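For reference, the structure is listed below as structure tokens.
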Amino acid sequence: MKRITLLLSLPILFSLVGCNDYVDTSKTIYTSFYPVYEFTKRIVGDKYHVVSLVPPGSEPHDFELTARQVARIYDSKALFINGLDMEVWSSSLDSHIKKKTYVLSNGIETRKEGGITDPHIWLDPLKAIEEMRNVTTYMSQIDSENASFYETNFILARNEFLQLDEELAGICASFSNKNVLVNHAAFGYMCDRYNLNQISVNGLEPSATPGPKTIVDIINKVNEYHVNTIFTEELSSPEVSELIARECGIKTDTLNPLEGLQQDEIDAGEDYISVMKDNFIRLKEACK
């Protein structure tokens with residue numbers, strides 16, 4: 001993951017936002033990347049304009065803020081992030097922005113992967129509910145006049161996600177093979193929730209290049225656990241996974257960690273619930 005240092009002073013930052021680029025940020029809540037955006041939007045509704053800093057189809061792990069984005073966040077109502085080192089750039093923000101930065105993962109139990117805290121907490125629907133509970137609490141602090149509106153939206157979202165959780169658990173009940181081979185270890189919370197065993201090639205860093213020993217270990221696990229599919233992601237290179245698939249004579253498919261949807265997916269109305277259902281349809285085929 002990359003870090004950035006904000007070397008520009010705020011007056012310079014504001015001067016970089018030209019007159020033609022003016023955005024009224026006083027009624028805007030900025031969010032770091034897709035799941036934070038969706039969870040916030042579900043609770044906030046039309047009370048504020050909600051904006052994702054990471055654009056559609058972009059990988060959030062290597063994202064870097066632009067000077068224009070920093071300037072707009074500075075005058076916004078709030079910045080919502082996932083936390084757990086998913087947004088390493090947030091440590092470089094100035095004190096004014098940090099005071100209005102809210103972390104959705106606060107107070108939620110986490111897991112470790114290779115000794116590192118796994119930030120992909122949103123892929124467990126029950127933990128996603130906890131993140132939306134935090135959004136509701138934060139919004140009730142920011143805008144107390146509309147606290148009941150936010151609470152109502154939370155209840156609606158919670159019910160949808162509880163129904164999703166029940167549906168996904170039902171799908172998993174039919175799996176004869178509980179081993180899931182993935183390129184990027186983003187699915188640990190999801191696998192823990194549904195009693196699946198995540199086997200990953202690259203650990204928590206999706207763009208890492210595994211060494212020959214790691215590849216041999218994965219090939220051995222494919223044979224040991226009778227895995228028939230290796231899952232890649234739309235936003236990551238499939239090169240190593242395709243190599244393993246060829247060596248083992250297994251299939252490749254994609255799982256979406258919901259780190260960022262493509263623009264055409266958004267235009268088609270895809271969201272957390274539809275993507276998670278599609279993920280489990282793919283898992284059902286691989287784990288039968």
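Chain identifiers are assigned as A, B, and so on, following the order in which chains appear in the structure tokens; residues are numbered from 1 within each chain, and ligands are numbered from 1 in order of appearance.
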Selection: 10 Å around A:Ser76, only C-alpha atoms, excl. self and same-chain fewer than 5 positions, as a ChimeraX atom specification: /A:23-30,70-71,97,100
Hey, could you make a per-residue contact list for stretch 221-246 of chain A against stretch 52-62 of chain A with 9 Å as the cut-off, showing the nearest pair of atoms and its distance in Å to one decimal, counting only C-alpha atoms, sorted by chain and number, as JSON lines?
```
{"residue": "A:Glu234", "atom": "CA", "partner": "A:Gly57", "partner_atom": "CA", "distance": 8.4}
{"residue": "A:Leu235", "atom": "CA", "partner": "A:Glu59", "partner_atom": "CA", "distance": 5.9}
{"residue": "A:Ser236", "atom": "CA", "partner": "A:Glu59", "partner_atom": "CA", "distance": 7.7}
```
Neighbour list for A:Leu196 as number ranges by chain, cut-off 10 Å, only C-alpha atoms, skip fewer than 6 positions in-chain: A: 172, 175, 177-180, 187-190, 287
Kindly export the residues of the current selection with all heavy atoms, as a compact mmCIF listing (two decimals), in the first residue's frame.
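Contents of the output file part.txt:
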```
# COMPACT_ATOMS: atom_id res chain seq x y z
N CYS A 172 -24.73 -22.00 1.56
CA CYS A 172 -23.54 -22.69 2.03
C CYS A 172 -23.84 -24.06 2.61
O CYS A 172 -22.97 -24.94 2.63
CB CYS A 172 -22.83 -21.86 3.10
SG CYS A 172 -21.96 -20.44 2.45
N PHE A 175 -22.88 -26.94 0.39
CA PHE A 175 -21.50 -27.11 -0.08
C PHE A 175 -20.93 -28.43 0.44
O PHE A 175 -20.96 -28.71 1.64
CB PHE A 175 -20.61 -25.98 0.41
CG PHE A 175 -20.89 -24.63 -0.23
CD1 PHE A 175 -21.92 -24.45 -1.13
CD2 PHE A 175 -20.10 -23.53 0.10
CE1 PHE A 175 -22.18 -23.22 -1.70
CE2 PHE A 175 -20.35 -22.29 -0.46
CZ PHE A 175 -21.38 -22.13 -1.36
N ASN A 177 -17.65 -29.16 -0.40
CA ASN A 177 -16.25 -28.77 -0.22
C ASN A 177 -16.23 -27.35 0.32
O ASN A 177 -16.73 -26.43 -0.32
CB ASN A 177 -15.49 -28.86 -1.55
CG ASN A 177 -13.99 -28.69 -1.37
OD1 ASN A 177 -13.51 -28.06 -0.43
ND2 ASN A 177 -13.23 -29.26 -2.31
N LYS A 178 -15.68 -27.16 1.50
CA LYS A 178 -15.71 -25.86 2.17
C LYS A 178 -14.45 -25.03 1.90
O LYS A 178 -14.25 -23.98 2.52
CB LYS A 178 -15.86 -26.05 3.68
CG LYS A 178 -17.10 -26.84 4.11
CD LYS A 178 -18.36 -26.02 3.98
CE LYS A 178 -19.54 -26.75 4.57
NZ LYS A 178 -20.79 -25.94 4.51
N ASN A 179 -13.58 -25.47 1.00
CA ASN A 179 -12.30 -24.79 0.74
C ASN A 179 -12.44 -23.83 -0.44
O ASN A 179 -12.89 -24.22 -1.52
CB ASN A 179 -11.21 -25.81 0.45
CG ASN A 179 -10.99 -26.74 1.63
OD1 ASN A 179 -10.51 -26.33 2.67
ND2 ASN A 179 -11.37 -28.01 1.46
N VAL A 180 -12.05 -22.57 -0.22
CA VAL A 180 -12.18 -21.53 -1.23
C VAL A 180 -10.80 -20.96 -1.54
O VAL A 180 -10.15 -20.38 -0.66
CB VAL A 180 -13.12 -20.40 -0.74
CG1 VAL A 180 -13.24 -19.32 -1.82
CG2 VAL A 180 -14.49 -20.96 -0.37
N PHE A 187 -11.38 -12.36 1.68
CA PHE A 187 -12.65 -12.99 2.00
C PHE A 187 -12.66 -13.72 3.35
O PHE A 187 -13.49 -14.57 3.60
CB PHE A 187 -13.02 -13.96 0.87
CG PHE A 187 -13.12 -13.28 -0.46
CD1 PHE A 187 -12.03 -13.22 -1.31
CD2 PHE A 187 -14.30 -12.65 -0.86
CE1 PHE A 187 -12.11 -12.57 -2.54
CE2 PHE A 187 -14.38 -12.00 -2.08
CZ PHE A 187 -13.30 -11.96 -2.92
N GLY A 188 -11.73 -13.36 4.23
CA GLY A 188 -11.62 -14.03 5.51
C GLY A 188 -12.83 -13.86 6.40
O GLY A 188 -13.30 -14.83 7.03
N TYR A 189 -13.36 -12.64 6.49
CA TYR A 189 -14.56 -12.42 7.32
C TYR A 189 -15.75 -13.18 6.75
O TYR A 189 -16.54 -13.76 7.50
CB TYR A 189 -14.88 -10.93 7.39
CG TYR A 189 -13.89 -10.12 8.20
CD1 TYR A 189 -12.88 -9.39 7.57
CD2 TYR A 189 -13.96 -10.07 9.60
CE1 TYR A 189 -11.97 -8.64 8.30
CE2 TYR A 189 -13.06 -9.33 10.34
CZ TYR A 189 -12.06 -8.62 9.69
OH TYR A 189 -11.15 -7.89 10.41
N MET A 190 -15.88 -13.16 5.45
CA MET A 190 -16.98 -13.88 4.81
C MET A 190 -16.86 -15.37 5.06
O MET A 190 -17.84 -16.05 5.41
CB MET A 190 -16.98 -13.60 3.30
CG MET A 190 -18.12 -14.22 2.53
SD MET A 190 -17.88 -14.05 0.73
CE MET A 190 -16.68 -15.37 0.44
N CYS A 287 -17.88 -25.20 -5.03
CA CYS A 287 -17.81 -25.99 -3.79
C CYS A 287 -18.77 -27.18 -3.77
O CYS A 287 -19.01 -27.77 -2.71
CB CYS A 287 -18.12 -25.08 -2.58
SG CYS A 287 -16.90 -23.77 -2.35
```
Separation of atom CA of A:Lys251 from atom CA of A:Arg111, in Å and rounded to one decimal: 29.0 Å
Nearest to A:Lys47, chosen from A:Cys248, A:Ile129, A:Ala147, A:Leu162, with only C-alpha atoms counted in the distances: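 Closest to A:Lys47 of all the choices is A:Ala147.
If you look at atom CA of A:Asn183 and atom CA of A:Tyr37, they are 24.8 Å away from each other.
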Neighbour list for A:Ser237 as a ChimeraX atom specification, cut-off 10 Å, only C-alpha atoms, skip fewer than 4 positions in-chain: /A:183,206-208,232-233,241-242
Residue neighbourhood A:Gly170, 12 Å, only C-alpha atoms, exclusion window fewer than 3 positions, as a count of residues only: 13
Nearest residue to A:Val216 from the set A:Val240, A:Leu84, A:Ala128, A:Leu255 (distances using only C-alpha atoms):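 Of A:Val240, A:Leu84, A:Ala128, A:Leu255, the one nearest A:Val216, counting only C-alpha atoms, is A:Val240.
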Interatomic distance (Å, one decimal) between atom CA of A:Asp253 and atom CA of A:Phe231: 4.9 Å
